[in-house]
Structure formats: structure tokens, C-alpha cells
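Step one of this worksheet: look at the structure below.
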Amino acid sequence: MRIRPTLFCLLATFACLTSPGFGKLWAQDDAGQQGSSGGQSAASQEFDQLFVQWREKLDAMRKLQVEYKRALPAEQNGMEQQFAQLLTEATEMSVRLQSLVEEAYVANPADPDKEEFLISMAYAKYKQDKFEESLRLCKVLLNTQTDVRGGVLDLTAQNEYLLNNYDEAQRLIAEAETELNKVQRPLAAETQAMRTNLEADRAAWQEELAFQQADATPEGDPNALPRVELETTKGKIVIELFENEAPNTVANFITLVRNGTYNGTPFHRVIEGFMAQGGDPNGDGTGDAGYKIPFESNKEPYRKHFRAAVAMAHGPQSKDTGGTQFYIVYRRTGSRHLDGEHTVFGRVIEGMDAATDFARPAPGSRDPTIENPDRILTATVLNARDHEYTFRKVGDPVPEDTGNADGSADADSTGGGDSGSGDNSGSGDAGNGGDTTGGGGN
């Protein structure tokens with residue numbers, strides 16, 4: 001037995017907090033800030049006490065990790081149990097610290113520990129694809145006279161961009177660059193890439209907004225788009241299905257939901273900065289429904305990859321190899337190169353917080369395996385249009401009134417993202433880049 005890499009997620013996520021001077025990463029002077037010793041709130045006092053204890057736990061975990069590598073096999077089992085206990089205690093402390101830090105920081109923004117913790121929280125949420133939460137924390141920091149304003153503005157701009165607020169992102173990028181120039185520091189590479197792609201992404205988003213406006217219908221309207229609810233181990237996810245642009249893919253998806261195909265299936269591939277993929281009956285990326293369906297995003301207008309988009313996965317050998325596997329997009333910057341390569345057939349309208357909570361591989365690990373993946377417990381059709389949902393499989397006759405091409409499976413991300421985390425080749429493999437060309441099943 002060994003201490004699995006997943007047990008070190010806490011260390012990897014918050015390692016910066018125990019490194020002296022993390023907050024100076026973007027600092028505008030070398031003097032830093034000094035904490036105030038008097039007039040602290042109750043939250044501030046509790047934070048200070050708990051923060052010391054928490055860092056001690058992390059230090060103990062690091063020490064144990066080093067000792068474990070030198071230990072004899074007979075000693076390792078007890079060390080695993082000790083590490084698991086430390087991890088549980090440190091995790092509980094970190095949750096409490098996160099609940100305290102905003103109030104504690106607002107009460108005493110001159111305290112460098114609180115500022116560093118809040119900055120690290122904002123960055124950790126960003127890395128976890130929780131841009132709404134990261135943005136909120138950035139705004140808390142910007143409401144004070146922080147010494148790291150340029151870097152916080154940079155991160156704020158990235159969050160706004162990934163939430164499709166392109167005008168605000170453009171303004172913030174300019175402001176961040178001005179602030180960072182004062183200390184002779186550049187914008188983050190990811191922000192620079194965002195600026196390069198901003199006009200194209202803003203135009204694509206305007207097209208998506210026009211689609212959404214056309215889709216909007218009053219409650220109870222028979223022409224309303226169909227919706228499916230996924231009850232997952234992390235909570236409820238509601239997906240609106242783009243029947244107008246991808247009718248065959250939607251008909252297949254609704255049929256699979258009604259047949260119970262998705263019940264119990266895992267999200268077997270979850271890649272930071274890219275997507276969460278699931279729907280495989282085999283649970284490992286090799287399964288399918290026993291047939292393939294045609295690709296549908298081969299003719300404009302088609303829906304594009306933005307945060308919360310739901311698209312059909314397929315193998316690298318052909319676009320017409322979709323079936324059961326699908327993915328939920330986390331970032332446009334990690335998936336825009338898939339526009340016109342995978343059929344986008346829906347969007348999450350409720351539950352992206354649950355989707356970004358799905359278990360992931362251990363940070364920094366080359367092994368894409370997720371030890372305990374989250375699952376779809378049940379999938380249910382909430383509403384559908386009043387017609388029979390039949391679909392065409394690859395090899396079936398092509399109806400005369402359609403122009404679609406004929407339709408295992410991985411979301412392919414062969415490069416092209418501003419920030420990638422996931423270059424994959426092989427059946428469901430995930431690495432570090434933004435590419436997920438796997439040769440798995442549907």
C-alpha cells in the first residue's frame with residue numbers, strides 16, 4: 001500500500017499559503033503590510049489562532065510525506081492512517097478558515113496573513129473553475145487598499161472573461177496592465193492570450209446570446225426547448241437541449257435518458273481548465289450504446305463552446321462516432337478549438353457549481369485516474385416537445401430534407417486553449433494541455 005497522490009490535494013491547493021511572502025507575488029513595494037494588533041473582530045481573532053494550527057498540520061503532512069518515502073513497507077500502513085487523520089483535520093480547519101477570512105480581512109485588511117489567504121483562496125477557486133466565487137473574492141480585495149492591486153486586477157479580468165463579460169474584462173485588462181507596469185511586471189500569459197482572442201470570442205458570444213434570445217419562450221409554451229435533470233453525487237444539474245440546432249443528437253440523448261442508460265454512470269474524465277466528461281456505460285471511456293450517431297455541427301449556424309456548454313464526445317477516427325458520452329465545458333479558453341469539431345447540443349442552466357465540484361485527478365499527477373469519481377445517480381427528462389423523439393444512426397438512410405453528415409468518445413482538445421490543462425491522446429487519457437483526443441467509446 002502507499003499514500004495515494006489524491007491525499008495530497010489539500011497540500012497542492014494551498015501550498016502557497018505556507019510559503020512566506022506569497023502575497024508579495026504581485027506586491028507594488030517591498031515594505032509589505034503590517035498587521036494591526038488591536039481592535040480585532042472575533043472572526044479575526046479566531047482566524048489568527050486557527051491559521052497557526054492549520055499551518056502546523058500542513059507542515060506535519062509534508063514531513064510525513066518525506067518520511068513515508070524512506071519507510072519500510074511494514075511502517076507505511078500506520079503512516080497512511082496518520083496522514084489520513086491529519087488530512088481530515090486540516091481539511092476541516094481549511095473550511096472554517098475560508099468561512100472566517102472575508103470578515104476577518106475586511107476588519108483588518110492590513111494583516112498580511114489574511115490578505116495572502118484570501119488571494120490564495122481566489123486563485124484556488126479560479127484553478128477549480130469556480131469563476132463566480134473567485135470573482136467575488138477578488139472584488140473583496142479590490143475594495144481595500146491592497147498592495148497587490150495589479151495582480152488582483154489581472155485575476156479579476158480573467159474571471160470576467162471566462163464568465164463571458166468581455167467588455168468588463170477588456171477594461172480590467174487595461175487597468176491591470178497599467179498597475180503592473182508600475183512595478184515592472186507583465187500581465188499573466190493567460191491574460192495576454194485572452195486579450196489576443198477577445199474580439200473573436202466577444203463576437204461568438206453575441207451569436208450565442210442571439211441563439212438564447214430566440215430560444216426564450218414563456219413557461220408552458222409547447223415550443224420550449226426540452227430539459228433534462230441529472231441528479232449527481234454533487235447535486236442537481238439541469239441541461240437545456242438545443243433541439244433546433246442539433247435535433248438528432250438531442251433525440252438520441254433524450255432516448256438514452258428515458259432508457260436509464262445514464263443512471264449510475266461516472267464522470268470518468270474531469271480536466272482542470274477544460275471539461276467534465278461522462279455518460280459511458282463502461283465507466284472508463286471505452287463504452288458505447290452499440291451504435292454511432294452523425295455529427296451535426298458541420299453547417300452554420302451551430303452552437304459553440306462556452307462555459308456550461310454540453311457537447312457530444314467522439315473518437316479521433318471520425319466525427320461520426322458519438323453515442324452516449326458527453327462533456328460539460330468549464331472554460332471557453334480551453335475548448336474554443338472544438339467549435340465545429342464536436343456537436344454542442346445543450347447548456348447547463350442550473351448546477352454549474354455541482355459540475356465544477358466533480359472529483360478530479362490529483363493535482364500535478366500524470367495519472368488521469370479518478371479514484372472515486374462522481375456519478376449521475378438518475379437522469380430525468382423534465383420536459384420535451386410534443387412529438388416522438390426518433391434519431392438516425394450512422395448507416396441509416398439520410399432523409400432528403402436534412403443536410404447533416406453521418407454521426408469511444410472523448411472530447412478532443414488538441415491544443416489551442418489559452419490555458420490548457422489536459423493534453424490527451426489515447427482512450428480517455430488526460431495530461432497537461434487542453435487536448436483530449438482519446439480513442440475511447442461513445
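Every chain in the C-alpha cells takes a letter, A first, then B, and so on in the order presented; its residues are numbered from 1, and the ligands are numbered from 1 following the presented order.
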
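The shell of residues at most 10 Å from Asp396 in chain A, with only C-alpha atoms counted and near chain neighbours (fewer than 2 positions) removed, consists of Ile293, Pro294, Phe391, Arg392, Lys393, Val394, Val398, Pro399 and Asp406 of chain A.
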
Kindly provide the residues of range 157-255 of chain A that approach range 299-302 of chain A to within 10 Å, each paired with its closest atom pair and their distance in Å to one decimal, based on only C-alpha atoms, listed by chain and increasing number, as a Markdown table.
```
| residue | atom | partner | partner_atom | distance |
| --- | --- | --- | --- | --- |
| A:Glu207 | CA | A:Pro301 | CA | 9.2 |
| A:Glu208 | CA | A:Tyr302 | CA | 9.3 |
| A:Phe211 | CA | A:Pro301 | CA | 9.4 |
| A:Phe242 | CA | A:Tyr302 | CA | 9.7 |
| A:Asn244 | CA | A:Tyr302 | CA | 9.6 |
| A:Glu245 | CA | A:Tyr302 | CA | 6.1 |
| A:Ala246 | CA | A:Tyr302 | CA | 8.0 |
```

Please produce a file of those selected residues containing all heavy atoms, as a short mmCIF file (atom, residue, chain, number, x, y, z; two decimals), in the first residue's frame.
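Once written, part_10.cif looks like this:
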```cif
data_model
loop_
_atom_site.label_atom_id
_atom_site.label_comp_id
_atom_site.auth_asym_id
_atom_site.auth_seq_id
_atom_site.Cartn_x
_atom_site.Cartn_y
_atom_site.Cartn_z
N GLU A 207 -23.29 35.96 -30.91
CA GLU A 207 -24.06 34.97 -31.65
C GLU A 207 -24.79 34.03 -30.70
O GLU A 207 -25.97 33.69 -30.91
CB GLU A 207 -23.13 34.15 -32.56
CG GLU A 207 -22.50 34.93 -33.68
CD GLU A 207 -21.54 34.08 -34.49
OE1 GLU A 207 -21.44 32.85 -34.21
OE2 GLU A 207 -20.87 34.63 -35.40
N GLU A 208 -24.10 33.61 -29.62
CA GLU A 208 -24.72 32.72 -28.64
C GLU A 208 -25.89 33.42 -27.94
O GLU A 208 -26.95 32.81 -27.72
CB GLU A 208 -23.69 32.25 -27.62
CG GLU A 208 -24.24 31.44 -26.46
CD GLU A 208 -24.96 30.17 -26.86
OE1 GLU A 208 -24.70 29.64 -27.97
OE2 GLU A 208 -25.80 29.69 -26.06
N PHE A 211 -28.85 33.29 -30.12
CA PHE A 211 -29.47 31.96 -30.03
C PHE A 211 -30.35 31.88 -28.79
O PHE A 211 -31.50 31.43 -28.85
CB PHE A 211 -28.39 30.88 -29.95
CG PHE A 211 -27.85 30.41 -31.26
CD1 PHE A 211 -26.50 30.51 -31.54
CD2 PHE A 211 -28.68 29.82 -32.21
CE1 PHE A 211 -25.98 30.05 -32.74
CE2 PHE A 211 -28.18 29.35 -33.41
CZ PHE A 211 -26.82 29.48 -33.68
N PHE A 242 -30.50 21.85 -27.17
CA PHE A 242 -30.61 22.66 -28.38
C PHE A 242 -31.23 21.86 -29.52
O PHE A 242 -30.57 21.53 -30.51
CB PHE A 242 -29.24 23.18 -28.78
CG PHE A 242 -28.55 24.04 -27.76
CD1 PHE A 242 -27.16 24.11 -27.72
CD2 PHE A 242 -29.28 24.78 -26.83
CE1 PHE A 242 -26.53 24.91 -26.79
CE2 PHE A 242 -28.65 25.57 -25.88
CZ PHE A 242 -27.26 25.64 -25.86
N ASN A 244 -33.24 22.77 -31.80
CA ASN A 244 -33.32 23.48 -33.08
C ASN A 244 -32.05 23.30 -33.92
O ASN A 244 -32.13 23.17 -35.14
CB ASN A 244 -33.56 24.97 -32.84
CG ASN A 244 -34.88 25.24 -32.13
OD1 ASN A 244 -35.82 24.44 -32.24
ND2 ASN A 244 -34.96 26.33 -31.41
N GLU A 245 -30.89 23.31 -33.26
CA GLU A 245 -29.63 23.21 -33.99
C GLU A 245 -29.06 21.80 -34.05
O GLU A 245 -28.27 21.50 -34.95
CB GLU A 245 -28.56 24.12 -33.35
CG GLU A 245 -28.83 25.61 -33.46
CD GLU A 245 -29.86 26.09 -32.45
OE1 GLU A 245 -29.87 25.54 -31.31
OE2 GLU A 245 -30.65 26.99 -32.79
N ALA A 246 -29.42 20.95 -33.11
CA ALA A 246 -28.88 19.58 -33.08
C ALA A 246 -29.99 18.58 -32.78
O ALA A 246 -29.94 17.87 -31.78
CB ALA A 246 -27.76 19.48 -32.04
#
```

How close does each residue of range 261-360 of chain A get to range 225-231 of chain A, giving the shortest atom pair and distance in Å to one decimal for every residue with an atom at most 9 Å away, counting only C-alpha atoms, sorted by chain and residue number, as JSON lines?
```
{"residue": "A:Tyr262", "atom": "CA", "partner": "A:Leu230", "partner_atom": "CA", "distance": 8.9}
{"residue": "A:Asn263", "atom": "CA", "partner": "A:Leu230", "partner_atom": "CA", "distance": 8.9}
{"residue": "A:Gly346", "atom": "CA", "partner": "A:Arg227", "partner_atom": "CA", "distance": 8.9}
```

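Of the residues under consideration (A:Ala251, A:Val381, A:Val348, A:Leu141), A:Val348 shows the shortest atom-to-atom contact distance to Ile239 in chain A when counting only C-alpha atoms.
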
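Distance-wise, CA of Ala313 in chain A and CA of Lys125 in chain A end up 26.5 Å apart.
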
| For Ala188 in chain A, which residue out of A:Leu163, A:Ala216, A:Met352, A:Ala157 is the nearest one, using only C-alpha atoms? | A:Ala157

| said: Measuring between only C-alpha atoms, which one of A:Leu135, A:Ala124, A:Arg149, A:Leu58 shows the shortest distance to Asn181 in chain A? | reply: A:Arg149

Find the spatial neighbours of Phe117 in chain A, counting only C-alpha atoms, within a cut-off of 8 Å - ignore same-chain residues fewer than 3 positions away - and output them as a CSV table (one decimal) with all heavy atoms, in the first residue's frame.
```csv
chain,number,residue,atom,x,y,z
A,17,LEU,N,0.1,29.1,0.7
A,17,LEU,CA,-0.2,29.7,2.0
A,17,LEU,C,0.9,29.6,3.0
A,17,LEU,O,1.0,30.4,3.9
A,17,LEU,CB,-1.6,29.2,2.5
A,17,LEU,CG,-2.8,29.6,1.7
A,17,LEU,CD1,-4.0,29.0,2.3
A,17,LEU,CD2,-2.9,31.1,1.6
A,101,VAL,N,-12.3,34.1,6.7
A,101,VAL,CA,-11.3,35.0,6.2
A,101,VAL,C,-11.9,36.3,5.6
A,101,VAL,O,-11.3,37.4,5.8
A,101,VAL,CB,-10.4,34.3,5.2
A,101,VAL,CG1,-11.2,34.0,3.9
A,101,VAL,CG2,-9.2,35.2,4.9
A,113,ASP,N,-1.3,37.9,6.6
A,113,ASP,CA,-1.7,36.5,6.6
A,113,ASP,C,-3.1,36.4,6.0
A,113,ASP,O,-3.4,35.5,5.2
A,113,ASP,CB,-1.7,35.9,8.0
A,113,ASP,CG,-0.3,35.5,8.5
A,113,ASP,OD1,0.6,35.4,7.6
A,113,ASP,OD2,-0.1,35.3,9.7
A,114,LYS,N,-4.0,37.3,6.4
A,114,LYS,CA,-5.4,37.3,5.9
A,114,LYS,C,-5.4,37.7,4.4
A,114,LYS,O,-6.1,37.1,3.7
A,114,LYS,CB,-6.2,38.3,6.7
A,114,LYS,CG,-6.3,37.9,8.2
A,114,LYS,CD,-7.2,38.9,9.0
A,114,LYS,CE,-7.3,38.4,10.4
A,114,LYS,NZ,-6.0,38.4,11.2
A,120,SER,N,-5.0,33.6,-2.0
A,120,SER,CA,-4.8,32.2,-2.4
A,120,SER,C,-6.2,31.5,-2.6
A,120,SER,O,-6.3,30.6,-3.5
A,120,SER,CB,-4.0,31.5,-1.3
A,120,SER,OG,-2.8,32.0,-1.1
A,121,MET,N,-7.1,31.9,-1.8
A,121,MET,CA,-8.5,31.3,-2.0
A,121,MET,C,-9.0,31.7,-3.4
A,121,MET,O,-9.6,30.9,-4.1
A,121,MET,CB,-9.4,31.8,-0.9
A,121,MET,CG,-9.6,30.9,0.3
A,121,MET,SD,-10.9,31.6,1.4
A,121,MET,CE,-12.3,31.5,0.4
```

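Excluding range 46-54 of chain A itself and any same-chain residue fewer than 4 positions from it, the protein and nucleic acid residues within 8 Å of it, counting only C-alpha atoms, are Ala42, Leu58, Ala90, Met93, Ser94, Leu97, Leu100, Val101 and Ala104 of chain A.
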
Mind writing the picked residues with N, CA and C atoms as a PDB file, in the first residue's frame?
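Output below, filename part-v1.pdb:
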```pdb
ATOM      1  N   ALA A  42     -14.025  39.285  16.444  1.00  0.00           N
ATOM      2  CA  ALA A  42     -14.000  37.895  16.911  1.00  0.00           C
ATOM      3  C   ALA A  42     -13.574  36.960  15.781  1.00  0.00           C
ATOM      4  N   LEU A  58      -0.292  21.232   8.091  1.00  0.00           N
ATOM      5  CA  LEU A  58       0.288  21.072   6.762  1.00  0.00           C
ATOM      6  C   LEU A  58       1.770  20.745   6.845  1.00  0.00           C
ATOM      7  N   ALA A  90      -6.949  18.848   8.811  1.00  0.00           N
ATOM      8  CA  ALA A  90      -6.550  20.038   8.062  1.00  0.00           C
ATOM      9  C   ALA A  90      -7.661  20.515   7.134  1.00  0.00           C
ATOM     10  N   MET A  93     -10.219  22.323   9.168  1.00  0.00           N
ATOM     11  CA  MET A  93      -9.706  23.655   9.518  1.00  0.00           C
ATOM     12  C   MET A  93      -9.771  24.610   8.333  1.00  0.00           C
ATOM     13  N   SER A  94      -9.417  24.118   7.137  1.00  0.00           N
ATOM     14  CA  SER A  94      -9.409  24.991   5.967  1.00  0.00           C
ATOM     15  C   SER A  94     -10.813  25.466   5.624  1.00  0.00           C
ATOM     16  N   LEU A  97     -11.516  28.193   8.086  1.00  0.00           N
ATOM     17  CA  LEU A  97     -10.733  29.385   7.750  1.00  0.00           C
ATOM     18  C   LEU A  97     -11.362  30.138   6.578  1.00  0.00           C
ATOM     19  N   LEU A 100     -14.189  32.235   7.649  1.00  0.00           N
ATOM     20  CA  LEU A 100     -13.824  33.361   8.515  1.00  0.00           C
ATOM     21  C   LEU A 100     -13.074  34.468   7.794  1.00  0.00           C
ATOM     22  N   VAL A 101     -12.340  34.125   6.732  1.00  0.00           N
ATOM     23  CA  VAL A 101     -11.324  35.032   6.222  1.00  0.00           C
ATOM     24  C   VAL A 101     -11.893  36.325   5.646  1.00  0.00           C
ATOM     25  N   ALA A 104     -12.752  38.552   8.533  1.00  0.00           N
ATOM     26  CA  ALA A 104     -11.512  38.886   9.225  1.00  0.00           C
ATOM     27  C   ALA A 104     -10.666  39.859   8.410  1.00  0.00           C
TER      28      ALA A 104
END
```

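Rounded to one decimal, CA of Tyr105 in chain A and CA of Leu142 in chain A lie 11.9 Å from each other.
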
| query | Where in range 179-366 of chain A does DSSP assign strand (DSSP E), given as a ChimeraX atom specification? | reply | /A:227-232,235-241,269-271,275-278,309-312,326-329,344-350

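Each of A:Val250, A:Leu382, A:Ala354, A:Ala110 was checked against Ala311 in chain A using only C-alpha atoms; the smallest atom-to-atom distance is that of A:Val250.
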
| task | Please indicate the distance in Å from CA of Thr233 in chain A to CA of Ile254 in chain A, rounded to one decimal place. | result | 20.9 Å
